[in-house]
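First comes the structure, then the notes that go with it.
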Amino acid sequence: MRDIFLDLNDEQRVSVEALDGPVMVVAGAGSGKTRVLTYKVAHLLNSGVDPFRVLALTFTNKAAREMKERIIHLVGNADARNVWMGTFHSVFARILRVEGHLLGYSPNFTIYDNEDSKRLIKGIVREQNLDDKVYAAGYVLYRISSAKTNLITAQRYNSDDDILLQDKLAGKPQLGNIYNLYHQKCFRASAMDFDDLLLNTYILLRDFPDVLLKYQRKFEYILVDEYQDTNQVQYSILKKLAANNENICVVGDDAQSIYAFRGANIKNILNFQKDYPDVKVFKLEQNYRSTKTIVNAANSIIVNNKDQIFKKIWTQNEDGSAIDVLAAKTDTEEGQMIANSIFETKMNFQVRNIEFAILYRTNAQSRSLEEALRKLNIPYRIYGGTSFYNRKEVKDVLAYFRLCVNNKDEEALQRVINLPARGIGKTTLEKITVEAEASKKAIWEIISNSEDLAGLRLGSSVISRITDFVTMIKSFSAQLFKKNAYELGKHISASSGILKALYEDNSYEGIARYENVEELINALSDFAGRPRDTVMESGNGSPLPDFRTLNEFMQEVALLTDADKEDKSNNDRVSLMTVHAAKGLEFPYVYVAGLEENLFPSIQSLNSRSDLEEERRLFYVAITRAQKKLHLSYAESRFRWGNHTFCEPSRFIDEVDARYLSFPGSRKRKGGPAHAVDNEQGLPEAFIEKAIRNKNLKKINALPENETKGKEASYSDETEVRAGDEVMHDRFGKGKVLNVEGAGSNRKATVFFQAVGKKQLLLKFARLKVL
DNA sequence: AAATAGCGCTTTTTT
DNA sequence: AGCGCTATTT
């Protein structure tokens, strides 16, 4: 066994070595956080800990998968596969498959996604004759989700006078009632939404001491990644699981906490030391990812936040070139500028597409960027947004699968009962729904029972169509453990008629949809061909068949995100994604687009300090993704829901210490002969003023001294540049000085660059290095 | 029951 | 602008 500690720096090593007791590792961006976690698990296994006794919670399934591979490699033993590793949601879903019967759930429970939840809420609001403006599905779901995240069950919600009074005062007195009905309907459908996976796990551990003890013993060591983004219920579960031996190691960066909107509580990391007084705290402050320019720029913005753990992030990497700020007239132009820049960089430096990422605040921004990339034939891939598993046609097919696995899955049933059209229309469904509601049964129970069905007084032809449908689904369900996931999935999509309907649609979109379903079938084939990851229990006590079932596939697929999907076709593509989706990733070249007030920071964040601080952390996450070169861009006007709106550059651009910024290619304003001779890149006066003002302000937030000095030494000696000198410029490369004139801060040089030709540069800004 | 036309809502971020 | 949902028509 090789000494794995040779790969670590001192800070990392001591964090890895501390195996026992509570440990908190505060890790700055790019400081090797994942590495510490990976090596720590490897070290545990090397020290003789049983992999089954290690629980590691990551932020994405992909991160878990990659970490596992590396651990297996490090310890040289495939048993490492048996570490319990995954997201909170997927690990707890696994536990609930086994233990959920204690709470009255079938091991085949469905996981409702947001869309399912919203449809269900819409239905309830309609049923209750409530105003769907007052009780907008999105808002109601948000409220239910917040409640669950904070351990407030429907029952508790409705017995809490404060909450009820507040809802009443807010003009939404029925929220508690809707929550109640929502919970009942989910339960009746044997379905859990995302928050239920956490809340039910908590309830399980709270109400069943023997179960708690079982998992406390099982998980001898607990490791948690991205701890800054845990919420109340996750916190409470961890607290319970770790209560016995307190071998809990959390890793995170308070400066990268960006999920408060979904209940994440930054106090969990800020207060970890209070929860575990014996905690050993380690800080990882050396950044291995980015240039000095990027690291220092990131430091210069994050100091504006009040809530944080003190850290001093530094790097030994090279200075790197300045951060380019691109100013565009419109969002279309912004896309073009970014696409052009990528194109040029690719040409000049032989860079592959995969080394570029474009990050933005909202998914809607991707369109103009996509168009620009397409025009230049630059291949790209969008992460998130309407991700693969969110496409309508894919969800339709998945709904069939869901219904076969769990006949009571109400949302899936409503989706497919008349898809493709088989003569079971709205009015029929309405009658069935009313009857189901009246008798507190699932729709499936009504339609699969001939007596119930007869009681509905439907036409005989309708009844036969319904029974045909029921027979079909039953025949699918009967094969769940007879065929593997791929065979059964293919059979279902063919026999249900859904594939045929898509195949017959010859429109451009229709073909794309058909291909998407094909891709889903391919994914099934992959899944069926891969061995089981870990030894799993079936949940109902019976042994699992020796092939992988559709059932298993469905358990996995509900919690997959776009980031988890591997792209086999062409991997060399530019990545487009929201900043949230970029968390944990890194790219040599990063473009952060749409840096405008009301967009980034988002308009809804401007009311409270804490929300604005979260936006700032989000910006911090965005810029710390970059390894070599960072671009920031904004547009002066942008199309937003149909009509164009004018925008101002984001305050976040101002907050970056001006010495790290550069403004290439920006045009002089009209009537601006006052500065006919421009500085380095001809930036508008307003920007110079802002930059100087900003620089003065920033003196208080001094950076590490050695950095500042190093920076100045390289460019402050403007008097030393003379005609005839060979010089180096960050952006333009090598050049020869033709002429120098002027004095003091107005001193400027005419330089001929090999790459870009003759330029006039203001020495104050140019940072020329004499060679 | 199915097909079509018009209305209205969206956009903050995601497991 | 584009999509999904609803009301209306056939």
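Here, A, B, ... name the chains of the structure tokens in the order displayed, residue numbers run from 1 inside each chain, and ligands are numbered from 1 in the same displayed order.
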message: Using only C-alpha atoms (C1' of nucleotides), I'd like every residue of chain A that has an atom within 10 Å of chain B; please write them out as a PyMOL selection string.
response: chain A and resi 59-60+87-90+113-114+193-195+197+258-262+361-365+384+421-427+558-561+578-581+599-605+615+618+640-641
- prompt: Residues of segment 207-350 of chain A in helix (DSSP H, G or I) according to DSSP, as a VMD selection string?
  reply: chain A and resid 207 209 to 218 227 to 229 232 to 241 254 to 256 260 to 262 267 to 270 272 to 275 292 to 302 331 to 349
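Residues of chain C lying within 12 Å of chain A, counting only C-alpha atoms (C1' of nucleotides), are C:DA1, C:DG2, C:DC3, C:DG4, C:DC5.
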Near-Ile511 of chain A list (12 Å; only C-alpha atoms (C1' of nucleotides); drop same-chain fewer than 4 positions) as number ranges by chain: A: 393, 499-507, 515-518
- request: Looking only at strand (DSSP E or B) from DSSP on the backbone, list the matching residues of segment 56-194 of chain A as a ChimeraX atom specification.
  value: /A:56-58,84-87,110-112,191-193
Write a file of the selected residues as an mmCIF file, in the first residue's frame, keeping C-alpha atoms.
```cif
data_model
loop_
_atom_site.group_PDB
_atom_site.id
_atom_site.type_symbol
_atom_site.label_atom_id
_atom_site.label_comp_id
_atom_site.auth_asym_id
_atom_site.auth_seq_id
_atom_site.Cartn_x
_atom_site.Cartn_y
_atom_site.Cartn_z
ATOM 1 C CA ALA A 56 -20.390 9.808 3.199
ATOM 2 C CA LEU A 57 -22.919 12.405 2.070
ATOM 3 C CA THR A 58 -22.123 14.361 -1.048
ATOM 4 C CA TRP A 84 -22.561 4.280 1.871
ATOM 5 C CA MET A 85 -22.039 7.238 -0.350
ATOM 6 C CA GLY A 86 -24.481 9.524 -2.095
ATOM 7 C CA THR A 87 -26.675 12.550 -1.667
ATOM 8 C CA THR A 110 -42.817 6.740 -5.735
ATOM 9 C CA ILE A 111 -40.777 9.888 -5.427
ATOM 10 C CA TYR A 112 -42.806 12.861 -6.626
ATOM 11 C CA ALA A 191 -45.545 8.746 -2.728
ATOM 12 C CA MET A 192 -42.972 10.950 -1.081
ATOM 13 C CA ASP A 193 -41.775 14.290 -2.357
#
```
Top pick for closest residue to Glu411 of chain A, considering A:Leu456, A:Ala189, A:Ala147, A:Val295 and counting only C-alpha atoms: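 Checking each of A:Leu456, A:Ala189, A:Ala147, A:Val295 against Glu411 of chain A, counting only C-alpha atoms, the winner is A:Ala189.
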query: How far is it from atom CA of Arg119 of chain A to atom CA of Val405 of chain A, in Å with one decimal?
result: 20.4 Å
- line: atom CA of Ala478 of chain A sits from atom CA of Ile521 of chain A at a separation of 19.9 Å
message: Using only C-alpha atoms (C1' of nucleotides), which protein or nucleic acid residues come within 7 Å of segment 228-237 of chain A? Drop anything in the same chain fewer than 6 positions from it, and give the result as JSON, numbers by chain.
response: {"A": [149, 150, 151, 198, 199, 202, 252, 253, 254, 257, 258, 259, 263, 264, 265, 266, 268, 269]}
Could you write those residues out with N, CA and C atoms, as a short mmCIF file (atom, residue, chain, number, x, y, z; two decimals), in the first residue's frame?
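Full text of out-v2.cif as output:
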```cif
data_model
loop_
_atom_site.label_atom_id
_atom_site.label_comp_id
_atom_site.auth_asym_id
_atom_site.auth_seq_id
_atom_site.Cartn_x
_atom_site.Cartn_y
_atom_site.Cartn_z
N THR A 149 -38.93 21.22 5.77
CA THR A 149 -37.51 21.44 6.01
C THR A 149 -37.25 21.81 7.47
N ASN A 150 -38.22 22.49 8.05
CA ASN A 150 -38.08 22.90 9.44
C ASN A 150 -38.80 21.98 10.41
N LEU A 151 -39.01 20.75 10.00
CA LEU A 151 -39.56 19.69 10.85
C LEU A 151 -41.00 19.92 11.26
N LEU A 198 -36.42 13.43 3.53
CA LEU A 198 -35.67 13.87 4.70
C LEU A 198 -36.53 13.82 5.95
N LEU A 199 -37.72 14.42 5.85
CA LEU A 199 -38.58 14.51 7.03
C LEU A 199 -38.96 13.12 7.55
N TYR A 202 -36.19 11.56 9.39
CA TYR A 202 -36.10 12.14 10.72
C TYR A 202 -37.13 11.52 11.66
N GLY A 252 -16.80 22.07 4.46
CA GLY A 252 -17.59 23.07 3.75
C GLY A 252 -16.91 24.41 3.71
N ASP A 253 -17.59 25.33 3.10
CA ASP A 253 -17.07 26.69 2.98
C ASP A 253 -18.25 27.63 3.13
N ASP A 254 -18.28 28.34 4.24
CA ASP A 254 -19.40 29.25 4.47
C ASP A 254 -19.52 30.27 3.34
N SER A 257 -22.05 29.18 0.56
CA SER A 257 -23.41 28.78 0.91
C SER A 257 -24.41 29.50 0.01
N ILE A 258 -25.07 28.77 -0.86
CA ILE A 258 -25.92 29.42 -1.87
C ILE A 258 -27.30 28.80 -1.97
N TYR A 259 -27.71 28.05 -0.95
CA TYR A 259 -29.00 27.38 -1.05
C TYR A 259 -29.98 27.77 0.05
N GLY A 263 -33.93 26.42 2.04
CA GLY A 263 -33.93 26.06 3.45
C GLY A 263 -32.56 25.83 4.06
N ALA A 264 -31.51 25.90 3.26
CA ALA A 264 -30.17 25.70 3.82
C ALA A 264 -29.91 26.77 4.87
N ASN A 265 -29.27 26.34 5.94
CA ASN A 265 -29.05 27.24 7.05
C ASN A 265 -27.56 27.39 7.29
N ILE A 266 -27.07 28.57 6.96
CA ILE A 266 -25.62 28.80 7.06
C ILE A 266 -25.16 28.69 8.51
N ASN A 268 -25.69 26.32 10.42
CA ASN A 268 -25.24 24.96 10.71
C ASN A 268 -23.72 24.88 10.70
N ILE A 269 -23.10 25.56 9.78
CA ILE A 269 -21.64 25.52 9.75
C ILE A 269 -21.05 26.55 10.69
#
```
